[in-house]
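Below: run26.txt (compact mmCIF, N, CA and C atoms)
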```
# COMPACT_ATOMS: atom_id res chain seq x y z
N MET Q 106 -29.30 7.02 20.22
CA MET Q 106 -29.73 6.83 18.85
C MET Q 106 -28.65 7.25 17.87
N LEU Q 107 -27.98 8.34 18.16
CA LEU Q 107 -26.91 8.82 17.28
C LEU Q 107 -25.74 7.85 17.27
N VAL Q 108 -25.44 7.26 18.41
CA VAL Q 108 -24.34 6.30 18.49
C VAL Q 108 -24.67 5.06 17.66
N GLY Q 109 -25.90 4.60 17.73
CA GLY Q 109 -26.32 3.45 16.93
C GLY Q 109 -26.22 3.72 15.44
N LEU Q 110 -26.59 4.93 15.03
CA LEU Q 110 -26.50 5.31 13.63
C LEU Q 110 -25.04 5.35 13.17
N ILE Q 111 -24.17 5.87 13.99
CA ILE Q 111 -22.74 5.92 13.66
C ILE Q 111 -22.17 4.50 13.53
N ILE Q 112 -22.58 3.61 14.40
CA ILE Q 112 -22.11 2.22 14.34
C ILE Q 112 -22.59 1.55 13.06
N VAL Q 113 -23.85 1.73 12.72
CA VAL Q 113 -24.40 1.13 11.49
C VAL Q 113 -23.69 1.68 10.26
N ILE Q 114 -23.45 2.98 10.23
CA ILE Q 114 -22.75 3.60 9.10
C ILE Q 114 -21.33 3.07 8.99
N SER Q 115 -20.64 2.90 10.11
CA SER Q 115 -19.27 2.38 10.06
C SER Q 115 -19.24 0.94 9.57
N PHE Q 116 -20.23 0.13 9.95
CA PHE Q 116 -20.28 -1.26 9.48
C PHE Q 116 -20.55 -1.31 7.98
N VAL Q 117 -21.46 -0.48 7.49
CA VAL Q 117 -21.77 -0.46 6.06
C VAL Q 117 -20.57 0.06 5.27
N ALA Q 118 -19.93 1.11 5.76
CA ALA Q 118 -18.76 1.67 5.06
C ALA Q 118 -17.61 0.67 5.04
N SER Q 119 -17.39 -0.04 6.13
CA SER Q 119 -16.31 -1.01 6.15
C SER Q 119 -16.61 -2.19 5.24
N SER Q 120 -17.87 -2.61 5.16
CA SER Q 120 -18.20 -3.72 4.25
C SER Q 120 -18.00 -3.31 2.80
N ILE Q 121 -18.31 -2.07 2.45
CA ILE Q 121 -18.05 -1.59 1.10
C ILE Q 121 -16.55 -1.52 0.84
N TYR Q 122 -15.78 -1.09 1.83
CA TYR Q 122 -14.32 -1.04 1.69
C TYR Q 122 -13.75 -2.44 1.46
N TYR Q 123 -14.19 -3.41 2.25
CA TYR Q 123 -13.70 -4.79 2.09
C TYR Q 123 -14.08 -5.35 0.72
N TYR Q 124 -15.28 -5.03 0.25
CA TYR Q 124 -15.71 -5.51 -1.06
C TYR Q 124 -14.81 -4.95 -2.16
N VAL Q 125 -14.56 -3.65 -2.13
CA VAL Q 125 -13.73 -3.03 -3.17
C VAL Q 125 -12.31 -3.56 -3.12
N GLU Q 126 -11.75 -3.69 -1.93
CA GLU Q 126 -10.39 -4.21 -1.80
C GLU Q 126 -10.31 -5.67 -2.20
N ALA Q 127 -11.34 -6.45 -1.93
CA ALA Q 127 -11.36 -7.85 -2.35
C ALA Q 127 -11.40 -7.97 -3.87
N VAL Q 128 -12.15 -7.09 -4.52
CA VAL Q 128 -12.19 -7.09 -5.98
C VAL Q 128 -10.82 -6.71 -6.53
N LYS Q 129 -10.19 -5.71 -5.95
CA LYS Q 129 -8.87 -5.27 -6.42
C LYS Q 129 -7.80 -6.33 -6.23
N ASN Q 130 -7.93 -7.16 -5.21
CA ASN Q 130 -6.92 -8.17 -4.89
C ASN Q 130 -7.33 -9.58 -5.27
N ALA Q 131 -8.36 -9.72 -6.09
CA ALA Q 131 -8.84 -11.01 -6.59
C ALA Q 131 -9.14 -11.99 -5.45
N MET Q 132 -9.83 -11.49 -4.43
CA MET Q 132 -10.24 -12.32 -3.31
C MET Q 132 -11.74 -12.59 -3.41
N ASP Q 133 -12.27 -13.42 -2.54
CA ASP Q 133 -13.69 -13.76 -2.56
C ASP Q 133 -14.50 -12.54 -2.11
N LYS Q 134 -15.25 -11.94 -3.05
CA LYS Q 134 -15.97 -10.70 -2.78
C LYS Q 134 -17.09 -10.88 -1.77
N LYS Q 135 -17.90 -11.91 -1.98
CA LYS Q 135 -19.09 -12.11 -1.15
C LYS Q 135 -18.71 -12.37 0.31
N ARG Q 136 -17.68 -13.16 0.50
CA ARG Q 136 -17.24 -13.49 1.86
C ARG Q 136 -16.82 -12.24 2.63
N TRP Q 137 -16.06 -11.37 1.99
CA TRP Q 137 -15.59 -10.18 2.68
C TRP Q 137 -16.70 -9.14 2.85
N LEU Q 138 -17.64 -9.09 1.92
CA LEU Q 138 -18.77 -8.17 2.07
C LEU Q 138 -19.63 -8.56 3.27
N ILE Q 139 -19.97 -9.83 3.37
CA ILE Q 139 -20.79 -10.30 4.49
C ILE Q 139 -20.02 -10.21 5.80
N GLY Q 140 -18.73 -10.54 5.75
CA GLY Q 140 -17.91 -10.41 6.95
C GLY Q 140 -17.84 -8.98 7.44
N GLY Q 141 -17.75 -8.03 6.49
CA GLY Q 141 -17.73 -6.62 6.86
C GLY Q 141 -19.04 -6.16 7.47
N MET Q 142 -20.15 -6.71 7.00
CA MET Q 142 -21.44 -6.34 7.58
C MET Q 142 -21.60 -6.90 8.98
N ILE Q 143 -21.04 -8.07 9.22
CA ILE Q 143 -21.19 -8.70 10.53
C ILE Q 143 -20.18 -8.16 11.54
N MET Q 144 -18.91 -8.10 11.14
CA MET Q 144 -17.83 -7.74 12.07
C MET Q 144 -17.44 -6.26 12.01
N GLY Q 145 -17.69 -5.61 10.89
CA GLY Q 145 -17.37 -4.20 10.75
C GLY Q 145 -15.87 -3.94 10.72
N PRO Q 146 -15.43 -2.85 11.32
CA PRO Q 146 -14.02 -2.49 11.28
C PRO Q 146 -13.10 -3.46 12.04
N MET Q 147 -13.68 -4.31 12.87
CA MET Q 147 -12.86 -5.27 13.63
C MET Q 147 -12.26 -6.35 12.73
N LEU Q 148 -12.73 -6.44 11.50
CA LEU Q 148 -12.26 -7.45 10.55
C LEU Q 148 -10.98 -7.03 9.83
N LEU Q 149 -10.56 -5.79 9.97
CA LEU Q 149 -9.41 -5.26 9.22
C LEU Q 149 -8.12 -6.05 9.42
N PRO Q 150 -7.70 -6.42 10.64
CA PRO Q 150 -6.46 -7.20 10.76
C PRO Q 150 -6.52 -8.54 10.03
N MET Q 151 -7.67 -9.21 10.09
CA MET Q 151 -7.80 -10.48 9.40
C MET Q 151 -7.78 -10.29 7.89
N PHE Q 152 -8.35 -9.20 7.41
CA PHE Q 152 -8.33 -8.91 5.98
C PHE Q 152 -6.91 -8.66 5.49
N ILE Q 153 -6.14 -7.90 6.23
CA ILE Q 153 -4.76 -7.60 5.85
C ILE Q 153 -3.91 -8.87 5.85
N ILE Q 154 -4.10 -9.72 6.84
CA ILE Q 154 -3.35 -10.98 6.90
C ILE Q 154 -3.73 -11.88 5.73
N SER Q 155 -5.01 -11.98 5.40
CA SER Q 155 -5.45 -12.81 4.29
C SER Q 155 -4.91 -12.30 2.96
N LYS Q 156 -4.87 -10.98 2.82
CA LYS Q 156 -4.33 -10.39 1.60
C LYS Q 156 -2.85 -10.71 1.46
N THR Q 157 -2.11 -10.63 2.55
CA THR Q 157 -0.68 -10.94 2.53
C THR Q 157 -0.43 -12.41 2.24
N VAL Q 158 -1.23 -13.28 2.84
CA VAL Q 158 -1.07 -14.73 2.61
C VAL Q 158 -1.35 -15.06 1.15
N GLN Q 159 -2.38 -14.46 0.58
CA GLN Q 159 -2.69 -14.72 -0.82
C GLN Q 159 -1.58 -14.21 -1.73
N LEU Q 160 -1.03 -13.06 -1.42
CA LEU Q 160 0.08 -12.52 -2.21
C LEU Q 160 1.28 -13.45 -2.13
N ARG Q 161 1.55 -13.99 -0.96
CA ARG Q 161 2.67 -14.92 -0.79
C ARG Q 161 2.43 -16.23 -1.54
N LYS Q 162 1.17 -16.69 -1.58
CA LYS Q 162 0.86 -17.90 -2.33
C LYS Q 162 1.12 -17.70 -3.82
N ILE Q 163 0.73 -16.54 -4.33
CA ILE Q 163 0.87 -16.27 -5.75
C ILE Q 163 2.33 -16.06 -6.13
N THR Q 164 3.04 -15.24 -5.38
CA THR Q 164 4.41 -14.90 -5.75
C THR Q 164 5.41 -15.91 -5.24
N GLY Q 165 5.08 -16.65 -4.21
CA GLY Q 165 6.01 -17.61 -3.63
C GLY Q 165 6.78 -16.96 -2.49
N TYR Q 166 7.32 -17.79 -1.62
CA TYR Q 166 8.00 -17.27 -0.45
C TYR Q 166 9.45 -16.88 -0.73
N ASP Q 167 10.03 -17.39 -1.83
CA ASP Q 167 11.42 -17.08 -2.13
C ASP Q 167 11.58 -15.94 -3.11
N SER Q 168 10.50 -15.40 -3.62
CA SER Q 168 10.59 -14.33 -4.60
C SER Q 168 10.69 -12.98 -3.90
N CYS Q 169 11.11 -12.00 -4.64
CA CYS Q 169 11.27 -10.64 -4.11
C CYS Q 169 10.09 -9.81 -4.61
N TYR Q 170 9.43 -9.11 -3.71
CA TYR Q 170 8.30 -8.27 -4.07
C TYR Q 170 8.55 -6.89 -3.48
N LEU Q 171 8.60 -5.89 -4.34
CA LEU Q 171 8.87 -4.52 -3.90
C LEU Q 171 7.64 -3.67 -4.12
N CYS Q 172 7.23 -2.94 -3.12
CA CYS Q 172 6.14 -1.99 -3.25
C CYS Q 172 6.73 -0.63 -3.61
N THR Q 173 6.20 -0.02 -4.64
CA THR Q 173 6.69 1.32 -5.02
C THR Q 173 5.60 2.32 -4.90
```
How does the structure come out when it is put into structure tokens?
Amino acid sequence: MLVGLIIVISFVASSIYYYVEAVKNAMDKKRWLIGGMIMGPMLLPMFIISKTVQLRKITGYDSCYLCT
């Protein structure tokens, strides 16, 4: 029972994290919220890749982007 509760909490926490990060990065909020509820923390690599692809679309592939 405790393991099930921990799993449910991690799925809810990850969906909230994806929602907040999607809002910060101007991504589709609803899609990432529902995806976080269904897939949980396993969605993180796909989220990072989508965020990078969107950043590349906006800035272009030949531009220079520096993180500070």
Practice problem: Within 5 Å of range 117-125 of chain Q, counting all atoms listed in the file, which residues show up once you throw out same-chain ones fewer than 5 positions away? Write them as a ChimeraX atom specification, please. | Solution: /Q:138,141-142
Keeping only N, CA and C atoms, take the residues you just selected and write them out as a CSV table (one decimal), keeping the file's coordinate frame.
```
chain,number,residue,atom,x,y,z
Q,138,LEU,N,-17.6,-9.1,1.9
Q,138,LEU,CA,-18.8,-8.2,2.1
Q,138,LEU,C,-19.6,-8.6,3.3
Q,141,GLY,N,-17.8,-8.0,6.5
Q,141,GLY,CA,-17.7,-6.6,6.9
Q,141,GLY,C,-19.0,-6.2,7.5
Q,142,MET,N,-20.2,-6.7,7.0
Q,142,MET,CA,-21.4,-6.3,7.6
Q,142,MET,C,-21.6,-6.9,9.0
```
Using all atoms of range 131-141 of chain Q that appear in the file, construct an axis-aligned enclosing box with 5 Å of padding on every side and provide its centre coordinates and edge lengths in Å, rounded to one decimal, as lines of an AutoDock Vina configuration file.
```
center_x = -14.6
center_y = -10.0
center_z = 0.4
size_x = 22.4
size_y = 17.6
size_z = 24.1
```
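For the atom pair formed by CA of Lys134 in chain Q and CA of Ser115 in chain Q, the distance is 18.6 Å, given to one decimal.
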Show me, as a PDB file with N, CA and C atoms, in the frame of the given file, the residues that have an atom within 9 Å of range 153-168 of chain Q when counting only C-alpha atoms, minus same-chain residues fewer than 6 positions from it.
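Writing done, so here's result.pdb:
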```pdb
ATOM      1  N   ALA Q 127     -11.340  -6.450  -1.930  1.00  0.00           N
ATOM      2  CA  ALA Q 127     -11.360  -7.850  -2.350  1.00  0.00           C
ATOM      3  C   ALA Q 127     -11.400  -7.970  -3.870  1.00  0.00           C
ATOM      4  N   ASN Q 130      -7.930  -7.160  -5.210  1.00  0.00           N
ATOM      5  CA  ASN Q 130      -6.920  -8.170  -4.890  1.00  0.00           C
ATOM      6  C   ASN Q 130      -7.330  -9.580  -5.270  1.00  0.00           C
ATOM      7  N   MET Q 132      -9.830 -11.490  -4.430  1.00  0.00           N
ATOM      8  CA  MET Q 132     -10.240 -12.320  -3.310  1.00  0.00           C
ATOM      9  C   MET Q 132     -11.740 -12.590  -3.410  1.00  0.00           C
TER      10      MET Q 132
END
```
Exercise. Using DSSP on the backbone coordinates, identify all residues within chain Q classified as helix (DSSP H, G or I); present the result as a ChimeraX atom specification.
Key: /Q:107-129,134-164
Self-check item: Pairwise distance for atom N of Phe116 in chain Q and atom N of Ile143 in chain Q, rounded to one decimal in Å
Solution: 8.3 Å
